[in-house]
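What follows is upload-v4.tsv (TSV, C-alpha atoms).
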```tsv
chain	number	residue	atom	x	y	z
A	116	MET	CA	-33.49	-16.33	21.72
A	117	ASP	CA	-36.29	-13.73	21.72
A	118	SER	CA	-36.67	-10.94	19.14
A	119	LEU	CA	-35.30	-8.23	21.42
A	120	ASN	CA	-32.11	-10.10	22.21
A	121	LEU	CA	-31.52	-10.91	18.56
A	122	ILE	CA	-31.85	-7.29	17.44
A	123	GLU	CA	-29.75	-6.02	20.34
A	124	SER	CA	-26.94	-8.44	19.50
A	125	PHE	CA	-26.83	-7.28	15.90
A	126	SER	CA	-27.21	-3.65	16.89
A	127	GLU	CA	-23.97	-4.01	18.88
A	128	PHE	CA	-22.35	-5.82	15.96
A	129	LYS	CA	-23.34	-2.88	13.76
A	130	GLU	CA	-21.72	-0.42	16.14
A	131	PHE	CA	-18.42	-2.29	16.28
A	132	LYS	CA	-18.25	-2.86	12.52
A	133	ASN	CA	-18.98	0.75	11.53
A	134	ILE	CA	-22.07	-0.12	9.49
A	135	ASP	CA	-24.47	2.83	9.25
A	136	ARG	CA	-28.02	2.52	10.55
A	137	GLN	CA	-29.74	2.81	7.20
A	138	THR	CA	-27.68	-0.04	5.74
A	139	MET	CA	-28.25	-2.15	8.84
A	140	MET	CA	-32.02	-1.67	8.57
A	141	HIS	CA	-31.98	-2.78	4.93
A	142	VAL	CA	-29.93	-5.86	5.80
A	143	LEU	CA	-32.22	-6.85	8.67
A	144	GLU	CA	-35.35	-6.34	6.58
A	145	ASP	CA	-33.84	-8.33	3.72
A	146	VAL	CA	-32.93	-11.37	5.84
A	147	PHE	CA	-36.35	-11.35	7.54
A	148	ARG	CA	-38.09	-11.22	4.18
A	149	THR	CA	-35.90	-14.10	2.97
A	150	MET	CA	-37.14	-16.13	5.94
A	151	LEU	CA	-40.77	-15.14	5.21
A	152	LYS	CA	-40.39	-16.29	1.60
A	153	LYS	CA	-39.15	-19.68	2.80
A	154	LYS	CA	-42.13	-20.00	5.16
A	155	PHE	CA	-44.92	-18.63	2.98
A	156	GLY	CA	-43.48	-18.85	-0.54
A	157	THR	CA	-43.91	-15.06	-0.85
A	158	ASP	CA	-43.41	-11.96	1.29
A	159	GLU	CA	-45.67	-9.59	-0.64
A	160	HIS	CA	-48.43	-9.87	1.98
A	161	CYS	CA	-46.05	-9.12	4.87
A	162	ASP	CA	-44.88	-5.87	6.46
A	163	VAL	CA	-41.54	-5.80	8.29
A	164	ILE	CA	-41.06	-2.85	10.67
A	165	ILE	CA	-37.56	-2.45	12.19
A	166	ASN	CA	-36.54	0.08	14.81
A	167	ILE	CA	-32.74	0.06	15.13
A	168	ASP	CA	-32.72	2.73	17.84
A	169	LYS	CA	-35.03	0.79	20.14
A	170	GLY	CA	-33.61	-2.57	19.14
A	171	ASP	CA	-36.92	-4.23	18.23
A	172	PHE	CA	-38.99	-5.19	15.19
A	173	GLU	CA	-42.50	-6.22	14.18
A	174	ILE	CA	-43.73	-8.53	11.44
A	175	TRP	CA	-47.35	-8.18	10.28
A	176	VAL	CA	-49.04	-10.70	7.99
A	177	ASN	CA	-51.88	-9.28	5.87
A	178	LYS	CA	-54.67	-11.73	4.94
A	179	GLU	CA	-57.71	-11.24	2.73
A	180	ILE	CA	-61.10	-12.02	4.25
A	181	VAL	CA	-62.98	-14.64	2.18
A	182	PRO	CA	-66.33	-16.37	2.75
A	183	ASP	CA	-66.31	-19.41	5.03
A	184	GLY	CA	-65.29	-22.59	3.22
A	185	GLU	CA	-63.49	-20.72	0.38
A	186	VAL	CA	-60.02	-20.45	1.98
A	187	GLU	CA	-57.52	-21.81	-0.54
A	188	ASP	CA	-54.26	-20.57	1.04
A	189	GLU	CA	-54.20	-20.05	4.79
A	190	ASN	CA	-51.03	-17.96	4.46
A	191	ILE	CA	-52.76	-15.16	2.57
A	192	GLU	CA	-56.45	-15.76	3.25
A	193	ILE	CA	-58.68	-15.94	6.36
A	194	ALA	CA	-62.25	-17.14	6.73
A	195	TYR	CA	-64.91	-14.52	7.54
A	196	SER	CA	-65.91	-16.31	10.77
A	197	GLU	CA	-62.30	-16.13	12.01
A	198	ALA	CA	-61.86	-12.49	10.99
A	199	VAL	CA	-64.88	-11.24	12.98
A	200	LYS	CA	-63.39	-12.76	16.11
A	201	ILE	CA	-60.55	-10.26	15.74
A	202	GLU	CA	-62.79	-7.30	14.84
A	203	PRO	CA	-66.61	-7.61	14.54
A	204	ASP	CA	-66.84	-4.89	11.89
A	205	PHE	CA	-64.76	-6.77	9.30
A	206	GLU	CA	-66.38	-7.64	5.96
A	207	VAL	CA	-65.51	-10.03	3.13
A	208	GLY	CA	-62.86	-8.54	0.78
A	209	GLU	CA	-61.13	-6.48	3.46
A	210	GLU	CA	-57.67	-7.20	4.87
A	211	VAL	CA	-56.77	-8.40	8.32
A	212	SER	CA	-53.29	-7.72	9.76
A	213	GLU	CA	-51.97	-10.20	12.30
A	214	GLU	CA	-48.70	-9.73	14.15
A	215	MET	CA	-46.40	-12.71	13.77
A	216	LYS	CA	-44.28	-13.52	16.79
A	217	PHE	CA	-40.64	-14.22	16.20
A	218	MET	CA	-40.74	-17.61	17.88
A	219	ASP	CA	-43.50	-18.71	15.48
A	220	PHE	CA	-40.81	-19.22	12.86
A	221	GLY	CA	-39.30	-22.18	14.68
A	222	ARG	CA	-35.83	-22.79	16.04
A	223	ARG	CA	-34.35	-23.99	12.74
A	224	ASN	CA	-35.47	-20.87	10.82
A	225	ILE	CA	-34.23	-18.59	13.59
A	226	LEU	CA	-30.76	-20.17	13.56
A	227	SER	CA	-30.70	-19.92	9.77
A	228	LEU	CA	-31.68	-16.26	9.98
A	229	ARG	CA	-28.96	-15.57	12.52
A	230	GLN	CA	-26.30	-17.20	10.34
A	231	ASN	CA	-27.54	-15.28	7.31
A	232	LEU	CA	-27.30	-12.02	9.27
A	233	ILE	CA	-23.75	-12.71	10.37
A	234	SER	CA	-22.75	-13.61	6.82
A	235	ARG	CA	-24.29	-10.44	5.37
A	236	ILE	CA	-22.70	-8.21	8.02
A	237	LEU	CA	-19.27	-9.75	7.43
A	238	GLU	CA	-19.69	-9.09	3.69
A	239	LEU	CA	-20.60	-5.48	4.41
A	240	GLU	CA	-17.57	-5.11	6.66
A	241	LYS	CA	-15.31	-6.52	3.94
A	242	ASP	CA	-16.78	-4.12	1.37
A	243	HIS	CA	-16.39	-1.23	3.82
A	244	LEU	CA	-12.74	-2.12	4.51
A	245	TYR	CA	-12.02	-2.46	0.78
A	246	LYS	CA	-13.53	0.95	-0.03
A	247	VAL	CA	-11.80	2.69	2.90
A	248	TYR	CA	-8.32	1.44	1.98
A	249	LYS	CA	-8.90	1.77	-1.77
A	250	ASP	CA	-9.31	5.50	-1.11
A	251	ARG	CA	-6.17	5.50	1.07
A	252	ILE	CA	-3.77	4.12	-1.56
A	253	GLY	CA	-0.66	6.28	-1.44
A	254	GLU	CA	-1.24	7.35	2.17
A	255	ILE	CA	0.95	6.51	5.16
A	256	VAL	CA	-0.53	4.22	7.80
A	257	THR	CA	0.85	3.37	11.22
A	258	GLY	CA	0.30	-0.09	12.60
A	259	GLU	CA	1.48	-2.60	15.14
A	260	VAL	CA	3.49	-5.65	14.09
A	261	TYR	CA	1.32	-8.62	15.04
A	262	GLN	CA	3.14	-11.50	13.36
A	263	VAL	CA	6.47	-11.80	11.54
A	264	TRP	CA	6.77	-14.47	8.86
A	265	LYS	CA	9.52	-15.30	6.42
A	266	LYS	CA	7.84	-13.74	3.38
A	267	GLU	CA	5.69	-11.04	4.99
A	268	ILE	CA	4.69	-9.20	8.14
A	269	LEU	CA	1.15	-9.05	9.50
A	270	VAL	CA	0.31	-5.55	10.74
A	271	LEU	CA	-2.79	-4.41	12.65
A	272	ASP	CA	-4.12	-0.88	12.25
A	273	ASP	CA	-5.85	1.14	15.01
A	274	GLU	CA	-9.15	-0.66	14.39
A	275	GLY	CA	-7.61	-4.14	14.34
A	276	ASN	CA	-7.77	-4.56	10.55
A	277	GLU	CA	-5.10	-6.85	9.08
A	278	LEU	CA	-2.54	-5.34	6.71
A	279	LEU	CA	0.34	-7.12	4.96
A	280	LEU	CA	3.90	-5.89	4.42
A	281	PRO	CA	5.58	-8.35	1.98
A	282	LYS	CA	9.32	-8.96	2.14
A	283	SER	CA	9.65	-7.46	-1.35
A	284	GLU	CA	8.17	-4.19	-0.05
A	285	GLN	CA	10.51	-3.96	2.94
A	286	ILE	CA	13.79	-2.06	3.01
A	287	PRO	CA	16.59	-4.70	2.96
A	288	SER	CA	17.81	-3.68	6.41
A	289	ASP	CA	14.31	-3.57	7.94
A	290	TYR	CA	13.94	-5.67	11.08
A	291	PHE	CA	10.73	-5.67	13.08
A	292	LYS	CA	9.62	-7.62	16.12
A	293	LYS	CA	6.12	-8.40	17.34
A	294	GLY	CA	4.59	-5.45	19.17
A	295	GLU	CA	6.69	-2.81	17.42
A	296	THR	CA	5.11	0.10	15.55
A	297	LEU	CA	5.90	0.62	11.88
A	298	ARG	CA	4.99	3.12	9.20
A	299	ALA	CA	4.36	2.28	5.56
A	300	VAL	CA	2.35	3.49	2.61
A	301	VAL	CA	-0.75	1.70	1.28
A	302	ALA	CA	0.49	0.28	-2.03
A	303	LYS	CA	-2.57	-1.60	-3.30
A	304	VAL	CA	-5.78	-3.32	-2.24
A	305	ASP	CA	-6.73	-6.67	-3.76
A	306	MET	CA	-9.72	-8.97	-3.34
A	307	ARG	CA	-8.77	-12.58	-2.66
A	308	ASN	CA	-11.48	-15.15	-2.02
A	309	SER	CA	-13.98	-12.30	-1.52
A	310	SER	CA	-11.80	-10.78	1.21
A	311	PRO	CA	-9.82	-7.52	0.93
A	312	VAL	CA	-6.03	-7.83	1.15
A	313	ILE	CA	-4.26	-4.55	1.96
A	314	ILE	CA	-0.63	-4.48	0.79
A	315	LEU	CA	1.79	-2.02	2.40
A	316	SER	CA	5.14	-0.80	1.10
A	317	ARG	CA	8.21	0.89	2.56
A	318	THR	CA	10.15	0.82	-0.72
A	319	ALA	CA	7.70	2.76	-2.90
A	320	PRO	CA	8.64	6.33	-3.93
A	321	GLU	CA	5.27	7.43	-2.52
A	322	PHE	CA	6.45	6.45	0.97
A	323	LEU	CA	9.38	8.87	0.73
A	324	GLU	CA	7.10	11.55	-0.72
A	325	ARG	CA	4.64	11.22	2.19
A	326	LEU	CA	7.54	11.41	4.67
A	327	PHE	CA	8.64	14.70	3.09
A	328	GLU	CA	5.08	16.01	3.47
A	329	LEU	CA	5.16	15.08	7.17
A	330	GLU	CA	8.58	16.60	7.86
A	331	VAL	CA	8.57	19.63	5.53
A	332	PRO	CA	5.61	22.03	5.99
A	333	GLU	CA	6.37	23.78	2.67
A	334	VAL	CA	5.89	20.48	0.81
A	335	PHE	CA	2.66	19.75	2.68
A	336	ASP	CA	1.34	23.25	1.93
A	337	GLY	CA	2.26	22.99	-1.77
A	338	LEU	CA	4.84	25.76	-1.69
A	339	ILE	CA	7.45	23.19	-2.74
A	340	THR	CA	6.59	20.56	-5.34
A	341	ILE	CA	8.27	17.18	-5.56
A	342	LYS	CA	8.75	16.65	-9.29
A	343	ASN	CA	10.23	13.17	-9.21
A	344	ILE	CA	11.60	10.54	-6.83
A	345	GLU	CA	13.82	7.58	-7.62
A	346	ARG	CA	14.94	5.11	-4.97
A	347	ALA	CA	17.30	2.20	-4.42
A	348	PRO	CA	15.64	1.26	-1.10
A	349	GLY	CA	18.01	1.34	1.85
A	350	GLU	CA	20.89	2.59	-0.30
A	351	ARG	CA	20.18	5.87	-2.05
A	352	ALA	CA	17.36	8.12	-3.21
A	353	LYS	CA	17.21	11.17	-5.43
A	354	VAL	CA	14.46	13.74	-5.02
A	355	ALA	CA	13.91	16.57	-7.51
A	356	VAL	CA	12.11	19.53	-5.96
A	357	GLU	CA	10.87	22.86	-7.27
A	358	SER	CA	9.48	26.03	-5.72
A	359	TYR	CA	7.31	28.55	-7.53
A	360	ASP	CA	8.20	31.16	-4.91
A	361	ASP	CA	11.63	32.69	-5.55
A	362	ARG	CA	11.94	33.50	-1.86
A	363	ILE	CA	11.98	29.81	-0.94
A	364	ASP	CA	15.06	27.64	-1.43
A	365	PRO	CA	13.45	24.22	-2.04
A	366	VAL	CA	16.59	22.19	-1.29
A	367	GLY	CA	17.40	24.13	1.86
A	368	ALA	CA	13.82	23.90	3.09
A	369	CYS	CA	13.73	20.13	2.57
A	370	VAL	CA	17.08	19.50	4.24
A	371	GLY	CA	16.48	21.92	7.12
A	372	MET	CA	18.92	23.65	9.43
A	373	LYS	CA	21.91	21.32	9.81
A	374	GLY	CA	19.86	18.55	8.21
A	375	SER	CA	17.22	18.66	10.97
A	376	ARG	CA	14.28	17.96	8.67
A	377	ILE	CA	15.78	15.26	6.52
A	378	HIS	CA	17.43	13.47	9.43
A	379	GLY	CA	14.13	11.95	10.58
A	380	ILE	CA	13.40	10.72	7.06
A	381	VAL	CA	16.85	9.16	6.71
A	382	ARG	CA	16.43	7.39	10.04
A	383	GLU	CA	13.00	6.04	9.02
A	384	LEU	CA	14.53	4.71	5.77
A	385	ARG	CA	17.36	2.89	7.57
A	386	ASN	CA	20.06	5.47	6.73
A	387	GLU	CA	19.18	5.68	3.05
A	388	ASN	CA	21.27	8.46	1.47
A	389	ILE	CA	18.89	11.12	0.12
A	390	ASP	CA	20.06	13.59	-2.52
A	391	VAL	CA	17.70	16.54	-2.79
A	392	ILE	CA	18.27	18.53	-5.99
A	393	ASN	CA	16.71	21.53	-7.69
A	394	TYR	CA	14.53	20.53	-10.64
A	395	THR	CA	15.23	22.28	-13.94
A	396	THR	CA	14.04	21.97	-17.54
A	397	ASN	CA	17.64	22.37	-18.71
A	398	PRO	CA	18.70	18.75	-19.36
A	399	GLN	CA	22.44	19.37	-19.04
A	400	LEU	CA	22.05	21.14	-15.72
A	401	TYR	CA	19.54	18.53	-14.55
A	402	ILE	CA	21.96	15.66	-15.31
A	403	GLN	CA	24.78	17.55	-13.62
A	404	ARG	CA	22.71	17.98	-10.47
A	405	ALA	CA	21.41	14.40	-10.62
A	406	LEU	CA	24.95	12.96	-10.62
A	407	SER	CA	25.76	14.79	-7.38
A	408	PRO	CA	28.08	14.56	-5.46
A	409	ALA	CA	30.33	14.03	-8.51
A	410	LYS	CA	31.65	17.13	-10.30
A	411	ILE	CA	31.21	16.94	-14.07
A	412	SER	CA	33.68	18.37	-16.60
A	413	ASN	CA	31.55	18.11	-19.74
A	414	ILE	CA	28.28	16.63	-21.03
A	415	GLU	CA	27.37	15.67	-24.59
A	416	LEU	CA	23.65	15.04	-25.17
A	417	ASN	CA	21.86	13.01	-27.83
A	418	ASP	CA	18.27	14.11	-27.37
A	419	GLU	CA	16.91	11.83	-30.09
A	420	GLU	CA	18.21	8.69	-28.40
A	421	MET	CA	17.97	10.25	-24.91
A	422	ARG	CA	21.61	9.44	-24.21
A	423	ALA	CA	24.18	11.50	-22.33
A	424	ASP	CA	27.97	11.11	-22.46
A	425	VAL	CA	29.40	12.52	-19.25
A	426	TYR	CA	33.11	13.28	-18.89
A	427	LEU	CA	34.72	13.52	-15.47
A	428	LYS	CA	38.14	13.65	-13.89
A	429	PRO	CA	39.40	10.22	-12.82
A	430	ASP	CA	38.84	10.90	-9.12
A	431	GLN	CA	35.19	11.82	-9.78
A	432	VAL	CA	34.19	8.76	-11.77
A	433	SER	CA	33.66	6.50	-8.76
A	434	LEU	CA	31.51	9.20	-7.13
A	435	ALA	CA	29.37	9.49	-10.26
A	436	ILE	CA	28.86	5.74	-10.45
A	437	GLY	CA	28.33	5.33	-6.73
A	438	ARG	CA	28.35	2.25	-4.57
A	439	GLY	CA	26.87	-0.64	-6.51
A	440	GLY	CA	26.24	1.73	-9.41
A	441	HIS	CA	23.21	3.21	-7.61
A	442	ASN	CA	24.14	6.86	-8.16
A	443	ILE	CA	24.34	6.68	-11.96
A	444	LYS	CA	21.31	4.39	-12.22
A	445	LEU	CA	19.13	6.69	-10.15
A	446	ALA	CA	20.39	9.77	-12.03
A	447	GLY	CA	19.43	8.11	-15.32
A	448	ARG	CA	15.95	7.22	-14.10
A	449	LEU	CA	15.46	10.68	-12.61
A	450	THR	CA	16.42	12.56	-15.77
A	451	GLY	CA	15.18	10.05	-18.34
A	452	TYR	CA	18.59	9.87	-20.04
A	453	GLU	CA	20.82	6.82	-20.43
A	454	ILE	CA	24.07	8.09	-18.95
A	455	ASP	CA	27.52	6.85	-19.97
A	456	VAL	CA	30.49	7.96	-17.89
A	457	TYR	CA	33.96	8.58	-19.37
A	458	ARG	CA	37.24	9.51	-17.74
A	459	GLU	CA	38.36	12.89	-18.99
A	460	GLY	CA	41.52	12.72	-21.13
A	461	ALA	CA	41.44	8.94	-21.45
A	462	GLU	CA	43.10	8.03	-24.70
A	463	ASP	CA	41.76	4.52	-24.89
A	464	ILE	CA	38.00	4.82	-24.82
A	465	GLU	CA	37.62	1.06	-25.28
A	466	ASP	CA	37.85	0.57	-21.57
A	467	VAL	CA	35.45	-1.48	-19.46
A	468	ASP	CA	33.77	-0.29	-16.28
A	469	LEU	CA	34.52	-2.44	-13.23
A	470	GLU	CA	30.78	-2.91	-12.66
A	471	GLU	CA	30.77	-5.02	-15.82
A	472	PHE	CA	32.78	-7.65	-13.91
A	473	ALA	CA	30.32	-7.86	-11.02
A	474	ASP	CA	29.52	-11.48	-11.85
A	475	GLU	CA	33.19	-12.48	-11.58
A	476	ILE	CA	34.55	-10.08	-8.96
A	477	ASP	CA	32.90	-9.61	-5.56
A	478	SER	CA	31.22	-6.23	-5.07
A	479	TRP	CA	33.27	-5.42	-1.97
A	480	ILE	CA	36.49	-5.82	-3.99
A	481	ILE	CA	35.13	-3.51	-6.71
A	482	ASP	CA	34.17	-0.96	-4.04
A	483	GLU	CA	37.68	-1.18	-2.55
A	484	LEU	CA	39.24	-0.42	-5.94
A	485	LYS	CA	36.83	2.45	-6.58
A	486	GLU	CA	37.83	4.02	-3.29
A	487	ILE	CA	41.25	4.73	-4.76
A	488	GLY	CA	39.82	6.01	-8.07
A	489	CYS	CA	40.09	2.77	-10.08
A	490	ASP	CA	36.70	2.56	-11.73
A	491	SER	CA	37.63	0.79	-14.96
A	492	ALA	CA	39.60	-2.29	-15.97
A	493	LYS	CA	42.53	-0.39	-17.47
A	494	SER	CA	42.79	2.01	-14.54
A	495	VAL	CA	43.47	-1.04	-12.36
A	496	LEU	CA	45.88	-2.69	-14.79
A	497	GLU	CA	47.92	0.53	-15.02
A	498	LEU	CA	48.96	0.01	-11.39
A	499	SER	CA	51.31	-2.66	-10.07
A	500	VAL	CA	50.27	-5.40	-7.66
A	501	GLU	CA	52.54	-3.92	-4.96
A	502	GLU	CA	50.99	-0.47	-5.33
A	503	LEU	CA	47.46	-1.85	-5.07
A	504	VAL	CA	48.41	-3.87	-1.96
A	505	SER	CA	49.75	-0.74	-0.27
A	506	ARG	CA	46.79	1.47	-1.23
A	507	THR	CA	43.96	-0.97	-0.48
A	508	ASP	CA	43.04	-3.58	2.12
A	509	LEU	CA	43.18	-6.31	-0.52
A	510	GLU	CA	45.60	-9.22	-0.29
A	511	GLU	CA	48.17	-9.93	-3.00
A	512	GLU	CA	46.50	-13.19	-4.08
A	513	THR	CA	43.15	-11.39	-4.46
A	514	ILE	CA	44.71	-8.65	-6.62
A	515	LYS	CA	46.46	-11.19	-8.84
A	516	GLU	CA	43.16	-12.99	-9.37
A	517	VAL	CA	41.52	-9.67	-10.30
A	518	PHE	CA	44.35	-9.01	-12.78
A	519	LYS	CA	43.73	-12.37	-14.49
A	520	ILE	CA	40.04	-11.59	-14.90
A	521	LEU	CA	40.64	-8.09	-16.23
A	522	GLU	CA	43.50	-9.07	-18.60
A	523	SER	CA	41.37	-11.82	-20.14
A	524	GLU	CA	38.95	-9.13	-21.26
A	525	PHE	CA	41.55	-7.58	-23.58
A	526	GLU	CA	43.10	-10.75	-24.97
```
Would you mind writing the structure in this file as structure tokens?
Amino acid sequence: MDSLNLIESFSEFKEFKNIDRQTMMHVLEDVFRTMLKKKFGTDEHCDVIINIDKGDFEIWVNKEIVPDGEVEDENIEIAYSEAVKIEPDFEVGEEVSEEMKFMDFGRRNILSLRQNLISRILELEKDHLYKVYKDRIGEIVTGEVYQVWKKEILVLDDEGNELLLPKSEQIPSDYFKKGETLRAVVAKVDMRNSSPVIILSRTAPEFLERLFELEVPEVFDGLITIKNIERAPGERAKVAVESYDDRIDPVGACVGMKGSRIHGIVRELRNENIDVINYTTNPQLYIQRALSPAKISNIELNDEEMRADVYLKPDQVSLAIGRGGHNIKLAGRLTGYEIDVYREGAEDIEDVDLEEFADEIDSWIIDELKEIGCDSAKSVLELSVEELVSRTDLEEETIKEVFKILESEFE
């Protein structure tokens, strides 16, 4: 391999790997000087001239002219009789510069230099990739699914860089096949074994926030501010928005005409229910809006303990709690209050919410009972087995088993 071919090959490598010219010149000079040190023990008497644009380089070895017979180190000294053969006007004490041909280094040194170059360039590419994606944390990226594994998905970006979407960062109903395009937010960038690992997420609140910025121009322009987002990925999300311009309805702008703007976001999130509410500094009003779509009768706040006792009509309790308890959990996280729900007018407050029996009663049975307004143990026990059979899709044996579990709680 001659010098020109070597430089041309790495010049192309530079172009593909997005390494700037200045950095490439420093790398090339550094590896050449490393090779000179191995050959001569020092590189102080050598000049390395690299021209990236032309794809060539020159190495000049500077030697001091000494009297004949006094040469102690042929690498840095040259006898006077040899120097005058190069230029008759040379005198003792001056320096002679000789160009060193690339092939003079020997095949073994050339192969070592080539391997060193490749290693250095790969390190630069890794550092470049790490810095690029470190600055992109919180941004949406679009990539192609390259490989689907049990615990994660390998995604390639537009430049062929490998990104990972772990199972824990996927929406439960996500299903991707090789070759499909997916969108996710850059969650974090780690270094493992000196290589950058870019982790994506579709469950992070930032993903929903970026989607709003893409779909709602007022959010992108800063006319509407997203104050807080809480998600139960794939199930429900609550987004508190605020506008500093009284002429703009933040909720209406985010939802769009007939839900046109939010529809695309819901579809991207696998039909995740998204509640967009007006942010307010009034805690009672904020909690009332956060528990939407339930209609609240009364709220009692304990600001010191950040607790809220919410009273609702019996038919609103199941709406406030929501499927799997997601609605009340998200409302609590959104507002910062621990919310307790009570049925308005209930004489016996020592009742137990049906969600408390989730480890003994299947969730689909609890959901079936909530559909008819039975959200607590005693609200179920107040009804007869026959009435529950007629009002739900549950079988008699199932209802009797539920009764046994609930009655044991009050024994």
Within 12 Å of (-7.3, 3.1, 0.2) (file coordinates; only C-alpha atoms), which protein or nucleic acid residues are there? I'd like them as an mmCIF file with C-alpha atoms, keeping the file's coordinate frame.
```
data_model
loop_
_atom_site.group_PDB
_atom_site.id
_atom_site.type_symbol
_atom_site.label_atom_id
_atom_site.label_comp_id
_atom_site.auth_asym_id
_atom_site.auth_seq_id
_atom_site.Cartn_x
_atom_site.Cartn_y
_atom_site.Cartn_z
ATOM 1 C CA ASP A 242 -16.780 -4.120 1.370
ATOM 2 C CA HIS A 243 -16.390 -1.230 3.820
ATOM 3 C CA LEU A 244 -12.740 -2.120 4.510
ATOM 4 C CA TYR A 245 -12.020 -2.460 0.780
ATOM 5 C CA LYS A 246 -13.530 0.950 -0.030
ATOM 6 C CA VAL A 247 -11.800 2.690 2.900
ATOM 7 C CA TYR A 248 -8.320 1.440 1.980
ATOM 8 C CA LYS A 249 -8.900 1.770 -1.770
ATOM 9 C CA ASP A 250 -9.310 5.500 -1.110
ATOM 10 C CA ARG A 251 -6.170 5.500 1.070
ATOM 11 C CA ILE A 252 -3.770 4.120 -1.560
ATOM 12 C CA GLY A 253 -0.660 6.280 -1.440
ATOM 13 C CA GLU A 254 -1.240 7.350 2.170
ATOM 14 C CA ILE A 255 0.950 6.510 5.160
ATOM 15 C CA VAL A 256 -0.530 4.220 7.800
ATOM 16 C CA LEU A 278 -2.540 -5.340 6.710
ATOM 17 C CA VAL A 300 2.350 3.490 2.610
ATOM 18 C CA VAL A 301 -0.750 1.700 1.280
ATOM 19 C CA ALA A 302 0.490 0.280 -2.030
ATOM 20 C CA LYS A 303 -2.570 -1.600 -3.300
ATOM 21 C CA VAL A 304 -5.780 -3.320 -2.240
ATOM 22 C CA ASP A 305 -6.730 -6.670 -3.760
ATOM 23 C CA PRO A 311 -9.820 -7.520 0.930
ATOM 24 C CA VAL A 312 -6.030 -7.830 1.150
ATOM 25 C CA ILE A 313 -4.260 -4.550 1.960
ATOM 26 C CA ILE A 314 -0.630 -4.480 0.790
ATOM 27 C CA LEU A 315 1.790 -2.020 2.400
#
```
Practice task
In Å, rounded to a single decimal, give me how far atom CA of Pro398 of chain A is from atom CA of Leu326 of chain A.
Solution key: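 Those two atoms sit 27.5 Å apart.
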Handout entry: d(atom CA of Glu471 of chain A, atom CA of Ala492 of chain A) in Å
Key = 9.2 Å
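Using all atoms listed in the file, every residue with an atom at most 10 Å from the point (3.8, -12.5, 10.3) is listed here: Val260, Tyr261, Gln262, Val263, Trp264, Lys265, Lys266, Glu267, Ile268, Leu269, Val270, Leu279, Leu280, Pro281, Lys292 and Lys293 of chain A.
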Problem - Distance query Leu297 of chain A at most 7 Å, only C-alpha atoms, self and fewer than 5 positions along chain excluded, as a ChimeraX atom specification - result: /A:257-259
Exercise for the section: Find the residues near segment 501-511 of chain A: any atom within 12 Å, counting only C-alpha atoms, skip ones fewer than 5 places away on the same chain, and give them as a list in words. Expected result: Asp477, Trp479, Ile480, Ile481, Asp482, Glu483, Leu484, Lys485, Glu486, Ile487, Gly488, Cys489, Ser494, Val495, Leu496, Glu516, Val517 and Phe518 of chain A
Exercise for the section: Name the closest residue to Glu459 of chain A among the candidates A:Lys216, A:Asn442, A:Glu475, A:Val432; distances are taken between atoms, counting all atoms listed in the file. Expected result: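 Once distances to Glu459 of chain A are computed over all atoms listed in the file, the minimum belongs to A:Val432.
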Problem - Atomic separation - atom CA of Ser478 of chain A relative to atom CA of Glu524 of chain A, Å - result: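 We find that atom CA of Glu524 of chain A and atom CA of Ser478 of chain A lie 18.2 Å from each other.
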Handout entry: Among listed residues A:Glu238, A:Asn166, A:His160, A:Ile344, nearest Arg136 of chain A (using all atoms listed in the file)
Key =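 Smallest distance to Arg136 of chain A is found for A:Asn166.
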Handout entry: Selection near segment 327-338 of chain A, 9 Å with all atoms listed in the file, sequence-local residues under 6 positions removed, as number ranges by chain
Key = A: 357-360, 363, 365, 368-371, 376-377, 379-380
Handout entry: Proximity to Lys428 of chain A - best of A:Ile411, A:Ile236, A:Val467, A:Met150, only C-alpha atoms
Key =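 Residue with the minimum atom-to-atom distance to Lys428 of chain A: A:Ile411.
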Practice task
Name the closest residue to Val391 of chain A among the candidates A:Glu350, A:Asp424, A:Glu345, A:Glu209; distances are taken between atoms, counting only C-alpha atoms.
Solution key: A:Glu345
Practice task
Please identify all polymer residues within 10 Å of Leu434 of chain A, counting all atoms listed in the file, omitting same-chain residues fewer than 2 positions from it, and present them as a VMD selection string.
Solution key: chain A and resid 406 to 410 427 429 to 432 436 to 438 440 442 to 443 485 to 486 488 490
Exercise for the section: Counting only C-alpha atoms, figure out which residue out of A:Ser212, A:Asn417, A:Thr450, A:Ser375 gets nearest to Thr396 of chain A. Expected result: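 That would be A:Thr450, the residue with the smallest distance to Thr396 of chain A.
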Handout entry: Nearest to Ala423 of chain A, chosen from A:Glu324, A:Tyr195, A:Tyr457, A:Ile392, with all atoms listed in the file counted in the distances
Key = A:Tyr457
Some atoms are missing, so please complete segment 175-179 of chain A with N, CA and C atoms and return it as a short mmCIF file (atom, residue, chain, number, x, y, z; two decimals), in the coordinates of the input.
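What follows is the written file out.cif:
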```cif
data_model
loop_
_atom_site.label_atom_id
_atom_site.label_comp_id
_atom_site.auth_asym_id
_atom_site.auth_seq_id
_atom_site.Cartn_x
_atom_site.Cartn_y
_atom_site.Cartn_z
N TRP A 175 -45.89 -8.10 10.43
CA TRP A 175 -47.35 -8.18 10.28
C TRP A 175 -47.68 -8.93 8.99
N VAL A 176 -48.60 -9.92 9.14
CA VAL A 176 -49.04 -10.70 7.99
C VAL A 176 -50.44 -10.24 7.60
N ASN A 177 -50.60 -9.79 6.36
CA ASN A 177 -51.88 -9.28 5.87
C ASN A 177 -52.62 -10.40 5.11
N LYS A 178 -53.87 -10.67 5.56
CA LYS A 178 -54.67 -11.73 4.94
C LYS A 178 -56.00 -11.16 4.44
N GLU A 179 -56.44 -11.68 3.30
CA GLU A 179 -57.71 -11.24 2.73
C GLU A 179 -58.86 -12.04 3.32
#
```
